[in-house]
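**Student:** So here's protein.cif (mmCIF, C-alpha atoms).
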data_upload
loop_
_atom_site.label_atom_id
_atom_site.label_comp_id
_atom_site.auth_asym_id
_atom_site.auth_seq_id
_atom_site.Cartn_x
_atom_site.Cartn_y
_atom_site.Cartn_z
CA MET A 1023 8.26 6.43 19.67
CA ASN A 1024 9.69 3.23 21.13
CA ASP A 1025 13.17 1.85 20.60
CA GLY A 1026 11.90 -0.78 18.19
CA HIS A 1027 10.76 1.98 15.88
CA THR A 1028 13.87 4.14 16.15
CA THR A 1029 16.17 1.25 15.24
CA ARG A 1030 14.16 0.10 12.20
CA THR A 1031 16.32 -0.30 9.10
CA MET A 1032 15.02 0.09 5.58
CA HIS A 1033 14.96 -2.07 2.48
CA LEU A 1034 15.88 -0.58 -0.90
CA ALA A 1035 15.23 -1.76 -4.44
CA ALA A 1036 15.96 -0.34 -7.89
CA HIS A 1037 13.28 -0.06 -10.58
CA PHE A 1038 14.71 -0.07 -14.11
CA PRO A 1039 13.33 3.17 -15.63
CA GLY A 1040 11.67 3.49 -19.00
CA VAL A 1041 8.00 2.83 -18.26
CA ASN A 1042 5.51 5.66 -18.90
CA ASN A 1043 6.93 9.16 -19.27
CA THR A 1044 8.95 9.02 -16.04
CA THR A 1045 12.23 8.59 -17.92
CA VAL A 1046 13.71 11.72 -19.49
CA TRP A 1047 14.80 10.33 -22.85
CA MET A 1048 15.85 13.74 -24.20
CA ASP A 1049 18.67 13.96 -21.66
CA PRO A 1050 22.00 13.24 -23.42
CA ARG A 1051 22.95 10.91 -20.55
CA SER A 1052 19.96 8.67 -21.26
CA LYS A 1053 20.93 5.47 -23.06
CA SER A 1054 19.20 2.44 -24.57
CA GLN A 1055 16.31 0.72 -22.77
CA ILE A 1056 16.96 -2.55 -24.61
CA GLU A 1057 20.75 -3.06 -24.72
CA PHE A 1058 22.04 -5.39 -22.03
CA SER A 1059 24.67 -2.85 -20.97
CA SER A 1060 21.91 -0.59 -19.62
CA PHE A 1061 20.42 -3.33 -17.44
CA GLU A 1062 23.88 -4.36 -16.29
CA HIS A 1063 24.89 -0.80 -15.33
CA LEU A 1064 21.83 -0.22 -13.12
CA ALA A 1065 22.03 -3.70 -11.55
CA ARG A 1066 25.72 -3.35 -10.71
CA THR A 1067 25.05 0.08 -9.20
CA ALA A 1068 22.21 -1.32 -7.09
CA GLU A 1069 24.43 -4.16 -5.85
CA ARG A 1070 27.23 -1.72 -5.08
CA GLY A 1071 24.68 0.13 -2.97
CA LEU A 1072 23.71 -3.13 -1.17
CA PHE A 1073 20.12 -2.95 -2.45
CA ASP A 1074 17.77 -5.84 -1.83
CA PHE A 1075 16.64 -6.30 -5.42
CA PHE A 1076 16.42 -5.05 -9.02
CA PHE A 1077 12.88 -4.69 -10.38
CA LEU A 1078 11.68 -5.01 -13.98
CA ALA A 1079 8.22 -3.91 -15.07
CA GLU A 1080 6.66 -5.46 -18.15
CA GLY A 1081 3.84 -4.89 -20.62
CA LEU A 1082 2.32 -7.48 -22.93
CA ARG A 1083 1.27 -5.16 -25.74
CA LEU A 1084 2.47 -1.83 -27.06
CA ARG A 1085 0.09 0.87 -25.91
CA GLU A 1086 -1.90 2.80 -28.47
CA HIS A 1087 -3.45 6.23 -28.34
CA ASN A 1088 -6.13 7.24 -30.80
CA GLY A 1089 -5.17 4.26 -32.98
CA ARG A 1090 -1.44 4.96 -33.02
CA ILE A 1091 1.50 3.55 -31.02
CA HIS A 1092 1.86 5.71 -27.92
CA ASP A 1093 5.48 6.71 -28.51
CA LEU A 1094 5.80 8.69 -25.27
CA ASP A 1095 6.02 5.32 -23.53
CA VAL A 1096 8.88 2.89 -23.97
CA VAL A 1097 8.44 0.98 -27.24
CA GLY A 1098 10.20 -2.37 -27.19
CA ARG A 1099 11.59 -4.12 -24.12
CA PRO A 1100 13.08 -7.62 -23.71
CA GLU A 1101 11.12 -10.22 -21.73
CA SER A 1102 11.89 -9.73 -18.04
CA ILE A 1103 12.90 -13.23 -16.89
CA THR A 1104 15.29 -13.51 -19.84
CA VAL A 1105 16.98 -10.26 -18.82
CA LEU A 1106 17.22 -11.36 -15.17
CA ASN A 1107 18.79 -14.70 -16.06
CA ALA A 1108 21.50 -12.75 -17.87
CA LEU A 1109 21.93 -10.39 -14.91
CA ALA A 1110 22.34 -13.36 -12.58
CA ALA A 1111 25.69 -13.98 -14.27
CA VAL A 1112 27.04 -10.46 -13.63
CA THR A 1113 25.77 -9.97 -10.05
CA GLU A 1114 26.32 -11.97 -6.87
CA ARG A 1115 23.87 -10.89 -4.15
CA LEU A 1116 21.26 -8.62 -5.74
CA GLY A 1117 17.70 -9.95 -5.87
CA LEU A 1118 16.13 -10.18 -9.34
CA ALA A 1119 12.40 -9.38 -9.61
CA ALA A 1120 10.38 -10.07 -12.76
CA THR A 1121 6.88 -8.76 -13.47
CA VAL A 1122 4.80 -11.60 -14.95
CA ASN A 1123 1.07 -11.55 -15.69
CA THR A 1124 -1.22 -14.25 -14.23
CA THR A 1125 -3.97 -13.64 -16.77
CA PHE A 1126 -2.02 -14.69 -19.87
CA ASN A 1127 0.38 -17.32 -18.52
CA GLU A 1128 0.02 -20.85 -17.14
CA PRO A 1129 1.16 -22.03 -13.68
CA TYR A 1130 3.43 -24.92 -14.72
CA GLU A 1131 5.36 -22.97 -17.33
CA LEU A 1132 5.86 -19.93 -15.10
CA ALA A 1133 6.72 -21.99 -12.02
CA ARG A 1134 9.45 -23.68 -14.07
CA ARG A 1135 10.91 -20.41 -15.36
CA LEU A 1136 10.98 -18.79 -11.92
CA ALA A 1137 12.41 -21.90 -10.24
CA SER A 1138 15.11 -21.96 -12.92
CA LEU A 1139 16.00 -18.32 -12.23
CA ASP A 1140 16.14 -19.07 -8.50
CA HIS A 1141 18.61 -21.90 -9.08
CA LEU A 1142 20.75 -20.03 -11.61
CA SER A 1143 20.98 -16.97 -9.33
CA GLY A 1144 21.63 -18.90 -6.12
CA GLY A 1145 18.30 -17.97 -4.52
CA ARG A 1146 17.69 -14.40 -5.71
CA ALA A 1147 14.48 -14.71 -7.78
CA ALA A 1148 11.30 -12.71 -7.18
CA TRP A 1149 7.97 -12.56 -8.99
CA ASN A 1150 5.87 -9.40 -9.21
CA VAL A 1151 2.33 -10.74 -9.65
CA VAL A 1152 0.13 -8.62 -11.92
CA THR A 1153 -3.26 -9.14 -13.54
CA SER A 1154 -5.04 -7.82 -16.61
CA SER A 1155 -8.68 -7.26 -17.49
CA ASP A 1156 -7.81 -5.52 -20.76
CA ALA A 1157 -9.38 -6.96 -23.92
CA PHE A 1158 -6.94 -4.96 -26.07
CA THR A 1159 -3.96 -6.76 -24.49
CA GLY A 1160 -5.86 -10.05 -24.66
CA GLU A 1161 -5.95 -9.85 -28.46
CA ASN A 1162 -2.29 -10.93 -28.41
CA PHE A 1163 -3.34 -14.24 -26.83
CA ARG A 1164 -5.70 -17.10 -27.55
CA ARG A 1165 -7.62 -17.61 -24.33
CA GLY A 1166 -10.85 -15.91 -25.26
CA GLY A 1167 -9.43 -12.41 -25.56
CA TYR A 1168 -9.46 -11.28 -21.95
CA LEU A 1169 -10.61 -11.98 -18.40
CA ASP A 1170 -13.47 -10.06 -16.79
CA ARG A 1171 -12.26 -7.57 -14.21
CA ALA A 1172 -14.24 -9.32 -11.46
CA ASP A 1173 -12.35 -12.55 -12.13
CA ARG A 1174 -8.78 -11.29 -12.38
CA TYR A 1175 -7.89 -11.63 -8.69
CA THR A 1176 -9.81 -14.92 -8.46
CA ARG A 1177 -7.56 -16.35 -11.16
CA ALA A 1178 -4.46 -14.67 -9.68
CA ALA A 1179 -5.05 -16.15 -6.22
CA GLU A 1180 -5.46 -19.67 -7.57
CA PHE A 1181 -2.55 -19.13 -9.97
CA VAL A 1182 -0.18 -18.21 -7.12
CA ALA A 1183 -1.43 -21.07 -4.94
CA THR A 1184 -0.96 -23.54 -7.81
CA VAL A 1185 2.56 -22.32 -8.53
CA CYS A 1186 3.44 -22.77 -4.85
CA GLU A 1187 2.03 -26.32 -4.96
CA LEU A 1188 4.33 -27.06 -7.87
CA TRP A 1189 7.36 -25.66 -6.05
CA ASP A 1190 6.39 -27.68 -2.96
CA SER A 1191 5.82 -30.93 -4.87
CA TRP A 1192 9.56 -31.67 -4.93
CA PRO A 1193 10.42 -32.51 -1.29
CA GLU A 1194 13.49 -31.07 0.43
CA GLY A 1195 16.48 -33.19 -0.51
CA GLY A 1196 14.32 -35.74 -2.33
CA GLY A 1197 13.24 -36.62 -5.83
CA PRO A 1198 10.28 -35.26 -7.77
CA GLY A 1199 6.89 -35.87 -6.23
CA ALA A 1200 3.54 -35.79 -7.98
CA PHE A 1201 1.14 -32.88 -8.03
CA ASP A 1202 -2.59 -32.93 -8.68
CA HIS A 1203 -4.46 -29.61 -8.68
CA THR A 1204 -8.15 -29.28 -9.38
CA GLY A 1205 -9.80 -25.89 -9.04
CA PRO A 1206 -12.11 -23.45 -10.83
CA GLN A 1207 -9.24 -22.01 -12.89
CA PHE A 1208 -6.82 -24.91 -13.36
CA ARG A 1209 -6.86 -28.71 -13.56
CA ILE A 1210 -3.31 -29.99 -13.84
CA SER A 1211 -1.43 -33.06 -12.64
CA GLY A 1212 1.96 -34.63 -13.15
CA ARG A 1213 5.50 -34.20 -11.83
CA PHE A 1214 7.28 -30.86 -11.64
CA GLY A 1215 10.55 -30.77 -13.55
CA VAL A 1216 12.71 -28.50 -11.35
CA PRO A 1217 14.00 -29.29 -7.82
CA ARG A 1218 12.95 -27.07 -4.93
CA GLY A 1219 14.94 -23.85 -5.19
CA PRO A 1220 17.42 -22.29 -2.76
CA GLN A 1221 14.67 -20.01 -1.33
CA GLY A 1222 11.96 -22.67 -1.24
CA HIS A 1223 9.72 -20.20 -3.06
CA PRO A 1224 10.93 -17.15 -5.00
CA VAL A 1225 9.84 -13.94 -3.25
CA ILE A 1226 6.33 -12.87 -4.29
CA ILE A 1227 5.56 -9.18 -4.89
CA GLN A 1228 2.10 -7.68 -5.35
CA ALA A 1229 1.60 -4.27 -6.96
CA GLY A 1230 -1.67 -2.58 -6.11
CA ASP A 1231 -3.50 -0.18 -3.82
CA SER A 1232 -7.09 -1.36 -4.27
CA ASP A 1233 -8.91 -3.14 -1.47
CA GLU A 1234 -8.79 -6.45 -3.34
CA GLY A 1235 -5.09 -5.90 -4.05
CA ARG A 1236 -4.35 -5.23 -0.39
CA GLU A 1237 -6.22 -8.36 0.64
CA PHE A 1238 -4.43 -10.48 -1.96
CA ALA A 1239 -1.06 -9.15 -0.77
CA ALA A 1240 -1.94 -9.85 2.86
CA SER A 1241 -2.81 -13.44 2.00
CA ALA A 1242 -0.05 -14.39 -0.41
CA ALA A 1243 2.68 -11.76 -0.99
CA ASP A 1244 6.06 -11.08 0.62
CA ILE A 1245 6.25 -7.47 -0.64
CA ILE A 1246 3.60 -4.98 -1.68
CA PHE A 1247 4.73 -2.37 -4.22
CA THR A 1248 2.58 0.70 -3.70
CA ARG A 1249 2.53 4.46 -3.84
CA HIS A 1250 1.47 7.15 -1.38
CA GLY A 1251 2.20 10.84 -1.43
CA THR A 1252 2.48 11.86 2.21
CA LEU A 1253 3.69 10.50 5.52
CA GLU A 1254 0.12 10.42 6.79
CA ALA A 1255 -1.18 8.49 3.76
CA GLY A 1256 1.73 6.08 4.06
CA ARG A 1257 1.05 5.39 7.72
CA ALA A 1258 -2.64 4.77 7.03
CA PHE A 1259 -1.86 2.34 4.21
CA TYR A 1260 0.82 0.61 6.28
CA ALA A 1261 -1.50 0.14 9.27
CA ASP A 1262 -4.34 -1.15 7.10
CA VAL A 1263 -2.28 -3.75 5.25
CA LYS A 1264 -0.38 -4.94 8.32
CA ARG A 1265 -3.70 -5.31 10.17
CA ARG A 1266 -4.96 -7.71 7.51
CA LEU A 1267 -2.05 -10.14 7.95
CA ALA A 1268 -3.34 -11.65 11.20
CA GLU A 1269 -6.52 -12.76 9.42
CA HIS A 1270 -4.33 -14.99 7.26
CA GLY A 1271 -2.21 -16.36 10.10
CA ARG A 1272 0.74 -14.12 9.27
CA ALA A 1273 2.92 -11.79 11.35
CA PRO A 1274 3.56 -8.09 10.53
CA GLY A 1275 7.11 -8.82 9.41
CA ASP A 1276 5.94 -11.37 6.84
CA LEU A 1277 4.98 -8.63 4.35
CA LYS A 1278 7.24 -5.70 3.45
CA ILE A 1279 5.60 -2.48 2.26
CA MET A 1280 7.76 -0.70 -0.31
CA PRO A 1281 6.34 2.31 -2.17
CA GLY A 1282 7.84 3.36 -5.47
CA VAL A 1283 9.51 6.77 -5.16
CA THR A 1284 11.69 9.21 -7.05
CA PHE A 1285 14.50 11.39 -5.75
CA VAL A 1286 16.32 14.55 -6.76
CA LEU A 1287 19.54 15.66 -5.07
CA GLY A 1288 21.21 19.06 -4.89
CA ASP A 1289 23.99 20.71 -2.95
CA THR A 1290 21.36 23.01 -1.45
CA ALA A 1291 17.62 22.68 -0.94
CA ALA A 1292 16.97 25.43 -3.49
CA GLU A 1293 19.15 23.73 -6.11
CA ALA A 1294 17.34 20.40 -5.56
CA GLN A 1295 13.92 22.03 -5.95
CA GLU A 1296 15.04 23.79 -9.13
CA LYS A 1297 16.36 20.53 -10.57
CA ALA A 1298 13.17 18.70 -9.63
CA ALA A 1299 10.99 21.30 -11.33
CA GLU A 1300 13.06 21.06 -14.50
CA ILE A 1301 12.87 17.25 -14.50
CA ARG A 1302 9.08 17.39 -14.15
CA ARG A 1303 8.88 19.85 -17.07
CA GLN A 1304 10.96 17.42 -19.15
CA GLN A 1305 8.80 14.47 -18.10
CA VAL A 1306 5.55 16.30 -18.85
CA SER A 1307 6.02 18.06 -22.18
CA PRO A 1308 3.07 19.98 -23.69
CA GLN A 1309 2.30 16.92 -25.85
CA THR A 1310 2.50 14.55 -22.87
CA ALA A 1311 0.21 16.81 -20.84
CA LEU A 1312 -2.54 16.67 -23.47
CA LEU A 1313 -2.18 12.92 -23.95
CA THR A 1314 -2.34 12.36 -20.19
CA LEU A 1315 -5.52 14.41 -20.03
CA GLU A 1316 -6.99 12.49 -22.98
CA GLN A 1317 -6.44 9.22 -21.09
CA ILE A 1318 -8.81 10.54 -18.40
CA TRP A 1319 -11.30 12.43 -20.54
CA GLY A 1320 -11.33 9.76 -23.27
CA VAL A 1321 -11.73 12.30 -26.07
CA ASP A 1322 -9.44 14.07 -28.52
CA LEU A 1323 -8.16 17.23 -26.83
CA SER A 1324 -5.56 18.18 -29.45
CA GLY A 1325 -7.33 21.51 -30.01
CA TYR A 1326 -6.73 22.61 -26.42
CA ASP A 1327 -3.80 24.77 -25.33
CA PRO A 1328 -1.54 22.91 -22.83
CA ASP A 1329 -0.92 26.28 -21.17
CA GLY A 1330 -4.65 27.01 -20.97
CA PRO A 1331 -7.39 25.84 -18.58
CA LEU A 1332 -8.72 22.29 -18.25
CA PRO A 1333 -11.61 21.25 -20.55
CA ASP A 1334 -15.10 22.18 -19.38
CA ILE A 1335 -16.56 19.00 -20.91
CA ASP A 1336 -17.21 15.75 -19.04
CA PRO A 1337 -15.07 12.62 -19.63
CA ASP A 1338 -16.34 9.67 -21.66
CA PRO A 1339 -16.14 6.70 -19.24
CA ASP A 1340 -16.58 4.18 -22.06
CA SER A 1341 -13.89 5.60 -24.32
CA GLN A 1342 -11.47 3.34 -26.17
CA LEU A 1343 -9.15 6.20 -27.15
CA ALA A 1344 -6.27 4.87 -25.01
CA GLN A 1345 -5.57 1.14 -25.41
CA GLY A 1346 -3.37 -1.06 -23.24
CA ARG A 1347 -3.40 1.23 -20.22
CA VAL A 1348 -5.20 0.61 -16.93
CA ARG A 1349 -7.73 3.32 -16.10
CA HIS A 1350 -7.71 4.02 -12.36
CA GLY A 1351 -11.10 4.77 -10.85
CA ASP A 1352 -14.02 6.80 -12.15
CA PRO A 1353 -12.88 9.23 -14.89
CA ARG A 1354 -15.55 11.77 -13.91
CA ALA A 1355 -14.46 11.75 -10.26
CA LEU A 1356 -10.79 12.06 -11.26
CA ALA A 1357 -11.59 14.91 -13.63
CA ALA A 1358 -13.46 16.69 -10.84
CA THR A 1359 -10.45 16.30 -8.54
CA TRP A 1360 -8.12 17.72 -11.17
CA ARG A 1361 -10.47 20.63 -11.88
CA ALA A 1362 -10.58 21.48 -8.19
CA LEU A 1363 -6.76 21.38 -8.01
CA SER A 1364 -6.48 23.56 -11.12
CA GLU A 1365 -8.97 26.13 -9.83
CA GLU A 1366 -7.50 26.23 -6.32
CA LYS A 1367 -3.97 26.91 -7.53
CA GLY A 1368 -4.67 28.61 -10.86
CA LEU A 1369 -2.93 25.88 -12.86
CA SER A 1370 -2.89 25.29 -16.61
CA ILE A 1371 -3.39 21.85 -18.18
CA ARG A 1372 0.34 21.16 -18.17
CA GLN A 1373 0.85 22.50 -14.65
CA THR A 1374 -2.07 20.43 -13.37
CA VAL A 1375 -0.68 17.23 -14.92
CA ILE A 1376 2.75 17.97 -13.47
CA GLU A 1377 1.32 18.44 -9.98
CA ALA A 1378 -1.32 15.70 -10.05
CA THR A 1379 0.86 12.92 -11.46
CA GLY A 1380 3.97 13.48 -9.35
CA ARG A 1381 4.96 10.36 -7.44
CA GLN A 1382 6.12 10.68 -3.82
CA SER A 1383 9.57 12.22 -4.22
CA PHE A 1384 12.44 12.91 -1.89
CA ILE A 1385 13.93 16.23 -2.94
CA GLY A 1386 16.79 18.00 -1.19
CA THR A 1387 20.39 17.68 -0.15
CA PRO A 1388 21.71 14.13 0.39
CA GLU A 1389 21.53 14.75 4.13
CA ALA A 1390 17.90 15.90 3.99
CA VAL A 1391 16.85 13.01 1.75
CA ALA A 1392 18.54 10.47 4.02
CA GLU A 1393 16.83 12.00 7.05
CA GLU A 1394 13.37 12.07 5.44
CA MET A 1395 13.59 8.49 4.17
CA THR A 1396 14.70 7.33 7.61
CA ALA A 1397 11.79 9.17 9.20
CA PHE A 1398 9.28 7.49 6.86
CA VAL A 1399 10.49 4.04 7.85
CA ARG A 1400 10.76 4.74 11.57
CA ALA A 1401 7.26 6.27 11.59
CA GLU A 1402 5.93 3.04 10.06
CA ALA A 1403 4.87 4.61 6.78
CA ALA A 1404 6.98 2.07 4.84
CA ASP A 1405 9.45 -0.77 5.29
CA GLY A 1406 11.60 0.60 2.50
CA PHE A 1407 11.45 2.02 -1.00
CA ILE A 1408 11.65 1.02 -4.66
CA LEU A 1409 13.64 3.84 -6.26
CA ILE A 1410 12.65 4.91 -9.78
CA PRO A 1411 15.41 7.03 -11.37
CA HIS A 1412 14.58 9.43 -14.20
CA LEU A 1413 17.63 8.46 -16.24
CA THR A 1414 18.59 5.15 -17.90
CA PRO A 1415 20.92 3.64 -16.81
CA GLY A 1416 22.96 6.01 -14.61
CA GLY A 1417 20.15 7.59 -12.64
CA LEU A 1418 20.88 5.59 -9.48
CA ASP A 1419 24.61 6.39 -9.33
CA GLU A 1420 24.31 9.65 -7.38
CA PHE A 1421 21.96 8.13 -4.79
CA VAL A 1422 24.32 5.22 -4.13
CA ASP A 1423 27.34 7.51 -3.90
CA ARG A 1424 25.82 10.31 -1.81
CA VAL A 1425 22.78 9.03 0.12
CA VAL A 1426 23.53 5.39 0.96
CA PRO A 1427 26.60 6.26 3.11
CA LEU A 1428 24.46 8.72 5.09
CA LEU A 1429 21.75 6.11 5.66
CA GLN A 1430 24.44 3.74 6.89
CA GLU A 1431 25.84 6.37 9.27
CA ARG A 1432 22.34 6.74 10.75
CA GLY A 1433 22.03 2.99 11.27
CA ALA A 1434 19.10 3.05 8.83
CA PHE A 1435 20.59 0.74 6.20
CA ARG A 1436 22.89 -2.25 6.00
CA THR A 1437 26.65 -1.91 5.63
CA ARG A 1438 27.06 -5.36 4.08
CA TYR A 1439 24.96 -8.25 2.85
CA GLU A 1440 24.44 -10.69 5.71
CA GLY A 1441 23.08 -13.53 3.57
CA THR A 1442 23.12 -14.74 0.00
CA THR A 1443 19.42 -15.11 -0.88
CA LEU A 1444 16.81 -12.43 -1.40
CA ARG A 1445 14.72 -13.84 1.46
CA GLU A 1446 17.70 -13.39 3.75
CA HIS A 1447 18.13 -9.76 2.59
CA LEU A 1448 14.48 -9.09 3.39
CA GLY A 1449 14.43 -10.98 6.68
CA LEU A 1450 11.81 -13.41 5.39
CA SER A 1451 11.61 -17.02 6.48
CA ARG A 1452 12.03 -19.86 4.02
CA PRO A 1453 8.61 -21.39 3.24
CA VAL A 1454 8.10 -24.88 4.60
CA ALA A 1455 6.95 -27.32 1.93
CA LYS A 1456 3.46 -28.62 2.50
CA SER A 1457 3.02 -32.31 3.20
CA SER A 1458 3.05 -34.75 0.31
CA THR A 1459 -0.62 -35.51 0.98
CA ALA A 1460 -1.54 -31.88 0.39
CA ASN A 1461 0.23 -32.02 -2.93
CA GLY A 1462 -1.48 -35.14 -4.15
CA THR A 1463 1.51 -37.43 -3.73
#
Written as structure tokens, how would this file's structure read?

**Tutor:**
Amino acid sequence: MNDGHTTRTMHLAAHFPGVNNTTVWMDPRSKSQIEFSSFEHLARTAERGLFDFFFLAEGLRLREHNGRIHDLDVVGRPESITVLNALAAVTERLGLAATVNTTFNEPYELARRLASLDHLSGGRAAWNVVTSSDAFTGENFRRGGYLDRADRYTRAAEFVATVCELWDSWPEGGGPGAFDHTGPQFRISGRFGVPRGPQGHPVIIQAGDSDEGREFAASAADIIFTRHGTLEAGRAFYADVKRRLAEHGRAPGDLKIMPGVTFVLGDTAAEAQEKAAEIRRQQVSPQTALLTLEQIWGVDLSGYDPDGPLPDIDPDPDSQLAQGRVRHGDPRALAATWRALSEEKGLSIRQTVIEATGRQSFIGTPEAVAEEMTAFVRAEAADGFILIPHLTPGGLDEFVDRVVPLLQERGAFRTRYEGTTLREHLGLSRPVAKSSTANGT
């Protein structure tokens, strides 16, 4: 491995927990997912740890399961950009990343909100671009219900390009210019109401592992938020996405690959493994295990024993049992994979769900976790990590106190913020505004 690899430093971000059943709400240390004090605690901890940014997920409709609110997920969460504007006042350097959907928003309005956050935070705004092809979610809106799956990235690509045109329409150091965009998805013209922000463009994040998601990230994103379970899988994903950048006139460093991961620390390896197993049991209760299986099989499985074998029936690929949740891949193929795992290891329904749904985790002593994370980055399996604690809001405290100093000792992580903007933290260049002609001025 060459010197360039061995000296690679990592980027770190904090994901506010509470989405899906990852958060252990039954733990007495778990607090509110809606009170500002919870957001503030995690953000201040992340900034104390010199993290690049704080990440907020978002959903546009409460999920339902078999016609009822799916109460194993978080129910009720403030709008993300609103929360981040408030956090801008209690942090100084930490980047602030909002998840905002391109299917049910409009370019001008979102460009204005993100540019405002960038100004109010002194250049720390980021936008996690997501799409939706879900008719159930679309019922909350008035644009025909939903967008066909085949069209979601088509709209997203033009949406992002249009937003960038709006940000670029106000020249550096000048007054507002005109914009005039005509495309298949949008026809808008006028003058943008917010000056060009401190970063030029807020940082753009893309979450997705599909081929179309990888291509979209390679063309337009600054960060790709992904997941992969092994070093080998991470290296394959990393090489594939970085390879695509050249086709869009971009360099490898123009896109940071940051998988979402969990961590569990112990004073010994055995203690860490024991704690991790208990956390997974808390995350996947017997009820959660059956509901997770129902989301794949698409049928009511309440009569099955969570400690018994997987169902011997085939999934219903057209089921509407679970609403508001993205179904990943072919349910029959996924069921076959889970059956094979269950049979190979002799696992019950609950044990299979625990094993099959575990995100890439770093489990061990602080020293072992620091070493493994460093190895992932230096082997080019990632540029850094988005940490997802299992507790709200104090789940990041132990990592910042016990692992960050060890990463710093290894030369794997910064010892101070060198710049003030999120782009500077990430080592990303400031976008150059396109010419006035390109923007219709």

**Student:** Near region 1420-1428 of chain A, within 10 Å and counting only C-alpha atoms, which residues show up once chain neighbours fewer than 3 positions away are dropped, as a PDB file with C-alpha atoms, in the frame of the given file?

**Tutor:**
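What landed in around26.pdb:
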ATOM      1  CA  LEU A1034      15.880  -0.580  -0.900  1.00  0.00           C
ATOM      2  CA  THR A1067      25.050   0.080  -9.200  1.00  0.00           C
ATOM      3  CA  ALA A1068      22.210  -1.320  -7.090  1.00  0.00           C
ATOM      4  CA  GLU A1069      24.430  -4.160  -5.850  1.00  0.00           C
ATOM      5  CA  ARG A1070      27.230  -1.720  -5.080  1.00  0.00           C
ATOM      6  CA  GLY A1071      24.680   0.130  -2.970  1.00  0.00           C
ATOM      7  CA  LEU A1072      23.710  -3.130  -1.170  1.00  0.00           C
ATOM      8  CA  PHE A1073      20.120  -2.950  -2.450  1.00  0.00           C
ATOM      9  CA  PHE A1285      14.500  11.390  -5.750  1.00  0.00           C
ATOM     10  CA  VAL A1286      16.320  14.550  -6.760  1.00  0.00           C
ATOM     11  CA  LEU A1287      19.540  15.660  -5.070  1.00  0.00           C
ATOM     12  CA  THR A1387      20.390  17.680  -0.150  1.00  0.00           C
ATOM     13  CA  PRO A1388      21.710  14.130   0.390  1.00  0.00           C
ATOM     14  CA  GLU A1389      21.530  14.750   4.130  1.00  0.00           C
ATOM     15  CA  ALA A1390      17.900  15.900   3.990  1.00  0.00           C
ATOM     16  CA  VAL A1391      16.850  13.010   1.750  1.00  0.00           C
ATOM     17  CA  ALA A1392      18.540  10.470   4.020  1.00  0.00           C
ATOM     18  CA  GLU A1393      16.830  12.000   7.050  1.00  0.00           C
ATOM     19  CA  LEU A1409      13.640   3.840  -6.260  1.00  0.00           C
ATOM     20  CA  PRO A1411      15.410   7.030 -11.370  1.00  0.00           C
ATOM     21  CA  GLY A1416      22.960   6.010 -14.610  1.00  0.00           C
ATOM     22  CA  GLY A1417      20.150   7.590 -12.640  1.00  0.00           C
ATOM     23  CA  GLU A1431      25.840   6.370   9.270  1.00  0.00           C
ATOM     24  CA  ARG A1432      22.340   6.740  10.750  1.00  0.00           C
ATOM     25  CA  GLY A1433      22.030   2.990  11.270  1.00  0.00           C
ATOM     26  CA  ALA A1434      19.100   3.050   8.830  1.00  0.00           C
ATOM     27  CA  PHE A1435      20.590   0.740   6.200  1.00  0.00           C
ATOM     28  CA  ARG A1436      22.890  -2.250   6.000  1.00  0.00           C
ATOM     29  CA  THR A1437      26.650  -1.910   5.630  1.00  0.00           C
TER      30      THR A1437
END

**Student:** Determine the nearest neighbour of Ala1298 (chain A) from the options A:Glu1377, A:Glu1254, A:Asp1233, A:Glu1394, counting all atoms listed in the file.

**Tutor:**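 Between A:Glu1377, A:Glu1254, A:Asp1233, A:Glu1394, the residue approaching Ala1298 (chain A) most closely is A:Glu1377.
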
**Student:** Pick from A:Gly1215, A:Gly1380, A:Gly1117, A:Gly1205: nearest to Gly1441 (chain A), with all atoms listed in the file counted?

**Tutor:**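 Nearest to Gly1441 (chain A): A:Gly1117.
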
**Student:** Tell me, in Å to one decimal, how far CA of Phe1247 (chain A) is from CA of Ile1408 (chain A).

**Tutor:**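 Distance reported for this atom pair: 7.7 Å.
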
**Student:** Please provide as a PyMOL selection string all residues within 10 Å of Arg1372 (chain A), with the sequence filter that same-chain residues fewer than 5 positions apart are discarded (counting all atoms listed in the file).

**Tutor:** chain A and resi 1303+1306-1312+1314-1315+1327-1332+1377-1378

**Student:** Calculate how many Å separate CA of Thr1414 (chain A) from CA of Pro1050 (chain A), rounding to one decimal.

**Tutor:** 10.4 Å

**Student:** What is the CA of Ser1138 (chain A) to CA of Thr1248 (chain A) distance in Å?

**Tutor:** 27.5 Å

**Student:** Let me make sure I understand: among A:Ala1178, A:Val1216, A:Met1280, A:Leu1078, which one has the smallest atom-to-atom distance to Asp1140 (chain A) if we use all atoms listed in the file?

**Tutor:**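 That would be A:Val1216, the residue with the smallest distance to Asp1140 (chain A).
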
**Student:** Counting only C-alpha atoms, which residue out of A:Ala1111, A:Arg1030, A:Lys1297, A:Gly1282 sits closest to Phe1077 (chain A)?

**Tutor:** A:Gly1282

**Student:** Let me make sure I understand: among A:Leu1448, A:Ile1301, A:Ala1294, A:Gln1228, which one has the smallest atom-to-atom distance to Thr1044 (chain A) if we use all atoms listed in the file?

**Tutor:**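 Selected residue with least distance to Thr1044 (chain A): A:Ile1301.
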
**Student:** Just want the 8 Å neighbourhood of Val1046 (chain A), counted on only C-alpha atoms, with same-chain residues fewer than 4 positions away dropped. Output as a list in words.

**Tutor:** Ser1052, Ile1301, Gln1304, Gln1305, His1412 and Leu1413 of chain A

**Student:** Given the choices A:Leu1363, A:Ala1137, A:Ala1299, A:Leu1418, which gets closest to Asp1190 (chain A) if the distance is worked out from only C-alpha atoms?

**Tutor:**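 Checking each of A:Leu1363, A:Ala1137, A:Ala1299, A:Leu1418 against Asp1190 (chain A), counting only C-alpha atoms, the winner is A:Ala1137.
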